[in-house]
$ cat query14.pdb   # PDB, C-alpha atoms
ATOM      1  CA  ASP A  26      12.891 -46.351 -94.237
ATOM      2  CA  GLY A  27      14.071 -46.563 -90.657
ATOM      3  CA  GLY A  28      11.508 -47.102 -87.983
ATOM      4  CA  ILE A  29       9.774 -49.319 -85.475
ATOM      5  CA  THR A  30       7.270 -51.990 -86.406
ATOM      6  CA  GLN A  31       4.806 -53.631 -84.060
ATOM      7  CA  SER A  32       2.684 -56.561 -85.021
ATOM      8  CA  PRO A  33      -0.105 -57.302 -85.097
ATOM      9  CA  LYS A  34      -2.055 -54.041 -84.902
ATOM     10  CA  TYR A  35      -5.014 -55.771 -83.215
ATOM     11  CA  LEU A  36      -4.800 -58.899 -81.076
ATOM     12  CA  PHE A  37      -7.568 -60.862 -79.396
ATOM     13  CA  ARG A  38      -7.012 -63.537 -76.753
ATOM     14  CA  LYS A  39      -9.001 -65.523 -74.260
ATOM     15  CA  GLU A  40      -8.408 -65.000 -70.574
ATOM     16  CA  GLY A  41      -5.761 -67.339 -69.170
ATOM     17  CA  GLN A  42      -3.631 -67.414 -72.322
ATOM     18  CA  ASN A  43      -0.176 -65.906 -72.627
ATOM     19  CA  VAL A  44       0.362 -63.658 -75.636
ATOM     20  CA  THR A  45       3.540 -62.193 -77.162
ATOM     21  CA  LEU A  46       3.674 -58.780 -78.806
ATOM     22  CA  SER A  47       6.346 -58.134 -81.384
ATOM     23  CA  CYS A  48       8.552 -55.044 -81.623
ATOM     24  CA  GLU A  49      11.316 -54.637 -84.208
ATOM     25  CA  GLN A  50      13.443 -51.580 -84.958
ATOM     26  CA  ASN A  51      15.969 -50.835 -87.702
ATOM     27  CA  LEU A  52      17.191 -47.548 -86.237
ATOM     28  CA  ASN A  53      20.278 -49.201 -84.718
ATOM     29  CA  HIS A  54      19.175 -47.989 -81.290
ATOM     30  CA  ASP A  55      20.580 -49.649 -78.184
ATOM     31  CA  ALA A  56      17.684 -48.808 -75.865
ATOM     32  CA  MET A  57      14.129 -50.124 -76.214
ATOM     33  CA  TYR A  58      10.999 -49.657 -74.123
ATOM     34  CA  TRP A  59       7.488 -51.023 -73.634
ATOM     35  CA  TYR A  60       4.629 -48.833 -72.487
ATOM     36  CA  ARG A  61       1.018 -49.514 -71.688
ATOM     37  CA  GLN A  62      -1.609 -46.899 -72.488
ATOM     38  CA  ASP A  63      -5.045 -46.777 -70.862
ATOM     39  CA  PRO A  64      -7.608 -44.012 -71.425
ATOM     40  CA  GLY A  65      -6.961 -40.992 -69.219
ATOM     41  CA  GLN A  66      -3.754 -42.419 -67.727
ATOM     42  CA  GLY A  67      -1.052 -41.488 -70.172
ATOM     43  CA  LEU A  68       1.720 -43.987 -70.829
ATOM     44  CA  ARG A  69       3.162 -46.207 -68.137
ATOM     45  CA  LEU A  70       6.524 -47.933 -68.476
ATOM     46  CA  ILE A  71       6.449 -51.741 -68.325
ATOM     47  CA  TYR A  72      10.044 -52.753 -69.123
ATOM     48  CA  TYR A  73      13.075 -51.197 -70.739
ATOM     49  CA  SER A  74      16.365 -52.467 -72.084
ATOM     50  CA  GLN A  75      19.518 -50.424 -72.426
ATOM     51  CA  ILE A  76      21.518 -53.088 -74.234
ATOM     52  CA  VAL A  77      21.226 -56.624 -75.615
ATOM     53  CA  ASN A  78      20.745 -59.344 -72.970
ATOM     54  CA  ASP A  79      19.867 -56.812 -70.301
ATOM     55  CA  PHE A  80      16.533 -55.318 -69.226
ATOM     56  CA  GLN A  81      14.966 -53.638 -66.203
ATOM     57  CA  LYS A  82      11.483 -53.482 -64.749
ATOM     58  CA  GLY A  83       9.529 -50.312 -65.186
ATOM     59  CA  ASP A  84       6.669 -49.042 -63.066
ATOM     60  CA  ILE A  85       4.130 -51.769 -63.883
ATOM     61  CA  ALA A  86       6.121 -54.926 -64.712
ATOM     62  CA  GLU A  87       3.943 -57.409 -62.805
ATOM     63  CA  GLY A  88       2.333 -59.922 -65.144
ATOM     64  CA  TYR A  89       4.689 -59.133 -68.035
ATOM     65  CA  SER A  90       7.983 -60.561 -69.280
ATOM     66  CA  VAL A  91      10.481 -59.542 -71.960
ATOM     67  CA  SER A  92      13.621 -60.754 -73.689
ATOM     68  CA  ARG A  93      16.363 -58.923 -75.557
ATOM     69  CA  GLU A  94      18.366 -61.473 -77.528
ATOM     70  CA  LYS A  95      18.920 -59.223 -80.534
ATOM     71  CA  LYS A  96      19.536 -55.491 -80.756
ATOM     72  CA  GLU A  97      16.640 -54.958 -83.134
ATOM     73  CA  SER A  98      14.003 -56.989 -81.284
ATOM     74  CA  PHE A  99      12.296 -56.600 -77.900
ATOM     75  CA  PRO A 100       9.218 -58.854 -77.608
ATOM     76  CA  LEU A 101       6.776 -58.456 -74.728
ATOM     77  CA  THR A 102       4.828 -61.391 -73.278
ATOM     78  CA  VAL A 103       1.607 -60.636 -71.465
ATOM     79  CA  THR A 104       1.102 -63.544 -69.094
ATOM     80  CA  SER A 105      -2.062 -64.901 -67.558
ATOM     81  CA  ALA A 106      -0.930 -63.316 -64.280
ATOM     82  CA  GLN A 107      -1.637 -59.833 -65.638
ATOM     83  CA  LYS A 108      -4.998 -58.949 -64.104
ATOM     84  CA  ASN A 109      -6.139 -56.345 -66.640
ATOM     85  CA  PRO A 110      -4.298 -57.001 -69.899
ATOM     86  CA  THR A 111      -6.689 -55.233 -72.258
ATOM     87  CA  ALA A 112      -4.862 -52.067 -73.330
ATOM     88  CA  PHE A 113      -2.918 -50.328 -76.097
ATOM     89  CA  TYR A 114       0.764 -51.324 -76.022
ATOM     90  CA  LEU A 115       3.482 -49.084 -77.435
ATOM     91  CA  CYS A 116       7.097 -49.947 -78.125
ATOM     92  CA  ALA A 117       9.797 -47.273 -78.382
ATOM     93  CA  SER A 118      13.532 -47.010 -78.918
ATOM     94  CA  SER A 119      16.292 -44.463 -78.423
ATOM     95  CA  THR A 120      20.038 -44.050 -78.531
ATOM     96  CA  PRO A 121      21.747 -44.458 -75.129
ATOM     97  CA  LEU A 122      20.453 -41.598 -72.989
ATOM     98  CA  GLY A 123      19.005 -40.291 -76.221
ATOM     99  CA  ASN A 124      17.141 -37.034 -76.149
ATOM    100  CA  GLU A 125      13.982 -38.486 -77.622
ATOM    101  CA  GLN A 126      12.242 -41.811 -77.933
ATOM    102  CA  TYR A 127      10.812 -43.017 -81.235
ATOM    103  CA  PHE A 128       7.531 -44.885 -81.044
ATOM    104  CA  GLY A 129       6.002 -47.714 -83.024
ATOM    105  CA  PRO A 130       2.354 -47.692 -84.186
ATOM    106  CA  GLY A 131       1.146 -49.786 -81.241
ATOM    107  CA  THR A 132      -0.744 -53.047 -80.691
ATOM    108  CA  ARG A 133      -4.250 -53.032 -79.264
ATOM    109  CA  LEU A 134      -4.748 -56.144 -77.135
ATOM    110  CA  THR A 135      -8.205 -57.281 -76.129
ATOM    111  CA  VAL A 136      -8.580 -60.139 -73.667
ATOM    112  CA  THR A 137     -12.026 -61.600 -73.024
TER     113      THR A 137
ATOM    114  CA  ALA B  21      10.865 -39.050 -58.525
ATOM    115  CA  GLN B  22       9.541 -36.757 -61.190
ATOM    116  CA  SER B  23       5.902 -36.314 -62.166
ATOM    117  CA  VAL B  24       3.902 -34.485 -64.800
ATOM    118  CA  THR B  25       0.468 -32.878 -64.545
ATOM    119  CA  GLN B  26      -1.494 -31.851 -67.594
ATOM    120  CA  LEU B  27      -4.061 -29.436 -66.306
ATOM    121  CA  ASP B  28      -6.733 -29.939 -68.972
ATOM    122  CA  SER B  29      -8.019 -33.336 -70.021
ATOM    123  CA  GLN B  30     -10.093 -31.964 -72.931
ATOM    124  CA  VAL B  31      -9.723 -28.768 -74.942
ATOM    125  CA  PRO B  32     -12.325 -27.956 -77.600
ATOM    126  CA  VAL B  33     -11.295 -25.169 -79.977
ATOM    127  CA  PHE B  34     -12.555 -23.625 -83.201
ATOM    128  CA  GLU B  35     -10.516 -23.783 -86.382
ATOM    129  CA  GLU B  36      -8.064 -20.873 -86.771
ATOM    130  CA  ALA B  37      -8.321 -20.009 -83.065
ATOM    131  CA  PRO B  38      -5.259 -20.183 -80.772
ATOM    132  CA  VAL B  39      -4.785 -23.025 -78.316
ATOM    133  CA  GLU B  40      -2.702 -23.485 -75.181
ATOM    134  CA  LEU B  41      -2.141 -26.818 -73.443
ATOM    135  CA  ARG B  42      -0.854 -26.575 -69.908
ATOM    136  CA  CYS B  43       1.824 -28.803 -68.390
ATOM    137  CA  ASN B  44       3.422 -28.621 -64.959
ATOM    138  CA  TYR B  45       6.127 -30.919 -63.669
ATOM    139  CA  SER B  46       7.820 -31.655 -60.383
ATOM    140  CA  SER B  47      11.380 -32.829 -59.957
ATOM    141  CA  SER B  48      14.163 -32.274 -57.463
ATOM    142  CA  VAL B  49      16.796 -32.419 -60.214
ATOM    143  CA  SER B  50      17.231 -30.969 -63.700
ATOM    144  CA  VAL B  51      15.051 -32.421 -66.406
ATOM    145  CA  TYR B  52      14.466 -32.489 -70.120
ATOM    146  CA  LEU B  53      10.927 -31.751 -71.314
ATOM    147  CA  PHE B  54       8.987 -33.042 -74.299
ATOM    148  CA  TRP B  55       5.636 -32.703 -76.028
ATOM    149  CA  TYR B  56       4.319 -35.615 -78.112
ATOM    150  CA  VAL B  57       1.211 -35.875 -80.292
ATOM    151  CA  GLN B  58      -0.846 -39.015 -80.862
ATOM    152  CA  TYR B  59      -3.399 -39.343 -83.650
ATOM    153  CA  PRO B  60      -6.149 -41.970 -83.167
ATOM    154  CA  ASN B  61      -4.855 -45.552 -83.002
ATOM    155  CA  GLN B  62      -1.310 -44.502 -83.790
ATOM    156  CA  GLY B  63       1.992 -44.200 -81.971
ATOM    157  CA  LEU B  64       3.438 -41.002 -80.560
ATOM    158  CA  GLN B  65       5.268 -38.393 -82.609
ATOM    159  CA  LEU B  66       7.624 -35.835 -81.096
ATOM    160  CA  LEU B  67       6.395 -32.248 -81.455
ATOM    161  CA  LEU B  68       9.235 -30.479 -79.660
ATOM    162  CA  LYS B  69      11.705 -30.768 -76.817
ATOM    163  CA  TYR B  70      13.511 -28.561 -74.324
ATOM    164  CA  LEU B  71      17.036 -29.629 -73.398
ATOM    165  CA  SER B  72      18.812 -26.368 -72.585
ATOM    166  CA  GLY B  73      19.308 -22.852 -73.893
ATOM    167  CA  SER B  74      16.459 -20.639 -75.078
ATOM    168  CA  THR B  75      13.327 -21.195 -73.053
ATOM    169  CA  LEU B  76      11.104 -20.729 -76.113
ATOM    170  CA  VAL B  77      11.159 -23.874 -78.202
ATOM    171  CA  LYS B  78       9.683 -24.193 -81.679
ATOM    172  CA  GLY B  79       8.508 -27.512 -83.012
ATOM    173  CA  ILE B  80       6.771 -29.070 -85.971
ATOM    174  CA  ASN B  81       3.362 -28.101 -87.360
ATOM    175  CA  GLY B  82       3.586 -24.532 -85.988
ATOM    176  CA  PHE B  83       3.669 -25.508 -82.304
ATOM    177  CA  GLU B  84       5.874 -23.847 -79.713
ATOM    178  CA  ALA B  85       6.384 -24.210 -75.976
ATOM    179  CA  GLU B  86       7.928 -22.119 -73.247
ATOM    180  CA  PHE B  87       9.945 -23.532 -70.380
ATOM    181  CA  ASN B  88       9.418 -21.656 -67.122
ATOM    182  CA  LYS B  89      11.741 -22.966 -64.444
ATOM    183  CA  SER B  90      10.351 -20.847 -61.602
ATOM    184  CA  GLN B  91       6.823 -22.082 -62.277
ATOM    185  CA  THR B  92       7.979 -25.575 -63.314
ATOM    186  CA  SER B  93       5.817 -25.337 -66.404
ATOM    187  CA  PHE B  94       6.154 -26.211 -70.087
ATOM    188  CA  HIS B  95       2.985 -25.002 -71.807
ATOM    189  CA  LEU B  96       2.351 -25.769 -75.475
ATOM    190  CA  ARG B  97       0.836 -23.188 -77.824
ATOM    191  CA  LYS B  98      -0.286 -22.797 -81.407
ATOM    192  CA  PRO B  99      -1.544 -19.437 -82.702
ATOM    193  CA  SER B 100      -4.004 -20.873 -85.237
ATOM    194  CA  VAL B 101      -5.191 -24.496 -85.235
ATOM    195  CA  HIS B 102      -6.409 -26.646 -88.114
ATOM    196  CA  ILE B 103      -8.878 -29.497 -88.159
ATOM    197  CA  SER B 104      -5.884 -31.801 -88.602
ATOM    198  CA  ASP B 105      -4.568 -30.791 -85.159
ATOM    199  CA  THR B 106      -7.324 -32.877 -83.568
ATOM    200  CA  ALA B 107      -5.352 -35.394 -81.516
ATOM    201  CA  GLU B 108      -4.150 -36.266 -78.035
ATOM    202  CA  TYR B 109      -1.139 -34.393 -76.712
ATOM    203  CA  PHE B 110       1.253 -35.671 -74.054
ATOM    204  CA  CYS B 111       3.762 -33.767 -71.970
ATOM    205  CA  ALA B 112       6.725 -35.825 -70.754
ATOM    206  CA  VAL B 113       9.762 -35.290 -68.548
ATOM    207  CA  ARG B 114      13.062 -37.115 -68.244
ATOM    208  CA  VAL B 115      15.687 -36.618 -65.588
ATOM    209  CA  ILE B 116      19.039 -35.840 -67.166
ATOM    210  CA  ASN B 117      21.202 -38.998 -67.345
ATOM    211  CA  ASP B 118      18.197 -41.282 -66.835
ATOM    212  CA  TYR B 119      16.385 -43.416 -69.397
ATOM    213  CA  LYS B 120      12.880 -43.165 -68.100
ATOM    214  CA  LEU B 121      10.266 -40.837 -69.530
ATOM    215  CA  SER B 122       7.366 -39.874 -67.268
ATOM    216  CA  PHE B 123       4.188 -38.894 -69.099
ATOM    217  CA  GLY B 124       1.234 -36.751 -68.182
ATOM    218  CA  ALA B 125      -2.284 -38.143 -68.564
ATOM    219  CA  GLY B 126      -2.768 -36.390 -71.898
ATOM    220  CA  THR B 127      -4.931 -33.588 -73.293
ATOM    221  CA  THR B 128      -7.431 -34.301 -76.037
ATOM    222  CA  VAL B 129      -7.738 -31.414 -78.483
ATOM    223  CA  THR B 130     -10.812 -31.331 -80.684
ATOM    224  CA  VAL B 131     -10.815 -28.726 -83.436
ATOM    225  CA  ARG B 132     -14.217 -27.752 -84.836
ATOM    226  CA  ALA B 133     -15.001 -25.873 -88.029
TER     227      ALA B 133
END
$ encode --input "query14.pdb" --output "structure tokens"
Amino acid sequence: DGGITQSPKYLFRKEGQNVTLSCEQNLNHDAMYWYRQDPGQGLRLIYYSQIVNDFQKGDIAEGYSVSREKKESFPLTVTSAQKNPTAFYLCASSTPLGNEQYFGPGTRLTVT
Amino acid sequence: AQSVTQLDSQVPVFEEAPVELRCNYSSSVSVYLFWYVQYPNQGLQLLLKYLSGSTLVKGINGFEAEFNKSQTSFHLRKPSVHISDTAEYFCAVRVINDYKLSFGAGTTVTVRA
């Protein structure tokens, strides 16, 4: 089955620690995205990548970093510089300028 | 830049009743429009999309939406809801030839027996 996997589903970290969220897709899509979801705010774009070894900041990139070394993988690191990291994180992918984005199941990060 | 406003944050509805979720957008250029559904603690699933052509778009699970360019709206409707339609619904817009999707804040639909 083709799709997007995100692991783990739930993640707990102490304040001040960096944490990396995994996103893997086997849809052969060139473009991948990371969104953050907070209650009542919809989804906000953190980073996106149109092709391997290239990525761009989205609307709320501060405190986050990404890499795109392989077509199928787009990990997101939440650094200690992110002031409010507790949120639901969603990864998505699409074909270049694809008409729709396909979403993974999400990772819920709790930082205390 | 484009933006999306979902006019209702919560919509309670009885089973088998109709429902309408309102979405307005603003953009200075042509856009594509989407409706996604999210069940609790899950990712988003595409319900339907408007790219061009007929302004009435039919999607999965009996949903449909109508694109109204003059009113810059893309309202979602279902004539008869089921308990299983309880979820959060997101309207989204993308400028043609751009990668970025802009989402509304979401509408929570709660279907009661």
$ atom_distance --input "query14.pdb" --atom1 "CA of Gln62 in chain B" --atom2 "CA of Ala85 in chain B"
23.1 Å
$ closest_atom_pairs --input "query14.pdb" --of "chain A" --to "chain B" --cutoff "8 Å" --atoms "only C-alpha atoms" --output "Markdown table"
| residue | atom | partner | partner_atom | distance |
| --- | --- | --- | --- | --- |
| A:Gly65 | CA | B:Ala125 | CA | 5.5 |
| A:Gln66 | CA | B:Ala125 | CA | 4.6 |
| A:Gly67 | CA | B:Ala125 | CA | 3.9 |
| A:Leu68 | CA | B:Phe123 | CA | 5.9 |
| A:Arg69 | CA | B:Phe123 | CA | 7.4 |
| A:Leu70 | CA | B:Lys120 | CA | 8.0 |
| A:Leu115 | CA | B:Gly63 | CA | 6.8 |
| A:Pro121 | CA | B:Tyr119 | CA | 7.9 |
| A:Leu122 | CA | B:Tyr119 | CA | 5.7 |
| A:Gly123 | CA | B:Tyr119 | CA | 7.9 |
| A:Asn124 | CA | B:Leu71 | CA | 7.9 |
| A:Glu125 | CA | B:Leu66 | CA | 7.7 |
| A:Tyr127 | CA | B:Gln65 | CA | 7.3 |
| A:Phe128 | CA | B:Gly63 | CA | 5.7 |
| A:Gly129 | CA | B:Gly63 | CA | 5.4 |
| A:Pro130 | CA | B:Gly63 | CA | 4.2 |
| A:Gly131 | CA | B:Gly63 | CA | 5.7 |
$ resolve_selection --input "query14.pdb" --expression "the PyMOL selection byres ((chain A and resi 90-104) around 10)" --output "PyMOL selection string"
chain A and resi 29-31+40-59+71-82+86-89+105-108+110-111+114+116-118+134
$ resolve_selection --input "query14.pdb" --expression "the PyMOL selection byres ((chain B and resi 98) around 12)" --output "ChimeraX atom specification"
/B:33,35-41,67,77-86,95-97,99-102,105,129
$ residues_around --input "query14.pdb" --residues "Val115 in chain B" --least-positions-apart "6" --cutoff "7 Å" --atoms "all atoms listed in the file" --output "NGL selection string"
:B and (49-52)
$ atom_distance --input "query14.pdb" --atom1 "CA of Leu76 in chain B" --atom2 "CA of Val113 in chain B"
16.5 Å
$ resolve_selection --input "query14.pdb" --expression "the PyMOL selection byres ((chain B and resi 23) around 6)" --output "PyMOL selection string"
chain B and resi 22+24+45-46
$ closest_residue --input "query14.pdb" --among "B:Phe87, B:Ser48, B:Val131, B:Tyr56" --to "Ser104 in chain B" --atoms "all atoms listed in the file"
B:Val131
$ atom_distance --input "query14.pdb" --atom1 "CA of Tyr59 in chain B" --atom2 "CA of Gln62 in chain A"
13.6 Å
$ closest_residue --input "query14.pdb" --among "B:Ser72, B:Gln30, B:Thr130, B:Thr25" --to "Ile103 in chain B" --atoms "all atoms listed in the file"
B:Thr130
$ axis_aligned_box --input "query14.pdb" --around "range 69-72 of chain B" --padding-each-side "3 Å" --output "JSON"
{"center_x": 15.3, "center_y": -28.6, "center_z": -74.7, "size_x": 13.1, "size_y": 10.4, "size_z": 10.2}
$ closest_residue --input "query14.pdb" --among "A:Gly27, A:Thr135, A:Tyr35, A:Phe113" --to "Tyr60 in chain A" --atoms "all atoms listed in the file"
A:Phe113
$ decode --input "query14.pdb" --residues "range 42-55 of chain A" --atoms "N, CA and C atoms" --output "compact mmCIF listing (two decimals), in the first residue's frame"
# COMPACT_ATOMS: atom_id res chain seq x y z
N GLN A 42 15.29 19.94 25.14
CA GLN A 42 15.82 18.85 24.31
C GLN A 42 15.37 19.03 22.88
N ASN A 43 16.25 18.72 21.94
CA ASN A 43 15.84 18.64 20.54
C ASN A 43 15.15 17.30 20.31
N VAL A 44 14.21 17.27 19.36
CA VAL A 44 13.53 16.03 19.04
C VAL A 44 13.29 15.97 17.53
N THR A 45 13.46 14.78 16.95
CA THR A 45 13.27 14.62 15.50
C THR A 45 12.05 13.76 15.21
N LEU A 46 11.18 14.27 14.35
CA LEU A 46 9.98 13.56 13.93
C LEU A 46 10.23 12.96 12.55
N SER A 47 9.81 11.73 12.40
CA SER A 47 10.06 11.00 11.16
C SER A 47 8.88 11.11 10.21
N CYS A 48 9.18 11.21 8.90
CA CYS A 48 8.16 11.18 7.87
C CYS A 48 8.73 10.44 6.66
N GLU A 49 8.06 9.37 6.26
CA GLU A 49 8.49 8.57 5.12
C GLU A 49 7.30 8.38 4.18
N GLN A 50 7.56 8.49 2.87
CA GLN A 50 6.50 8.24 1.90
C GLN A 50 6.99 7.31 0.80
N ASN A 51 6.07 6.44 0.33
CA ASN A 51 6.40 5.54 -0.78
C ASN A 51 5.48 5.80 -1.97
N LEU A 52 5.08 7.07 -2.11
CA LEU A 52 4.21 7.48 -3.21
C LEU A 52 5.01 7.99 -4.40
N ASN A 53 6.32 8.03 -4.25
CA ASN A 53 7.22 8.55 -5.30
C ASN A 53 6.94 10.04 -5.59
N HIS A 54 6.52 10.76 -4.55
CA HIS A 54 6.26 12.18 -4.70
C HIS A 54 7.54 12.98 -4.53
N ASP A 55 7.69 14.03 -5.35
CA ASP A 55 8.86 14.90 -5.22
C ASP A 55 8.71 15.89 -4.07
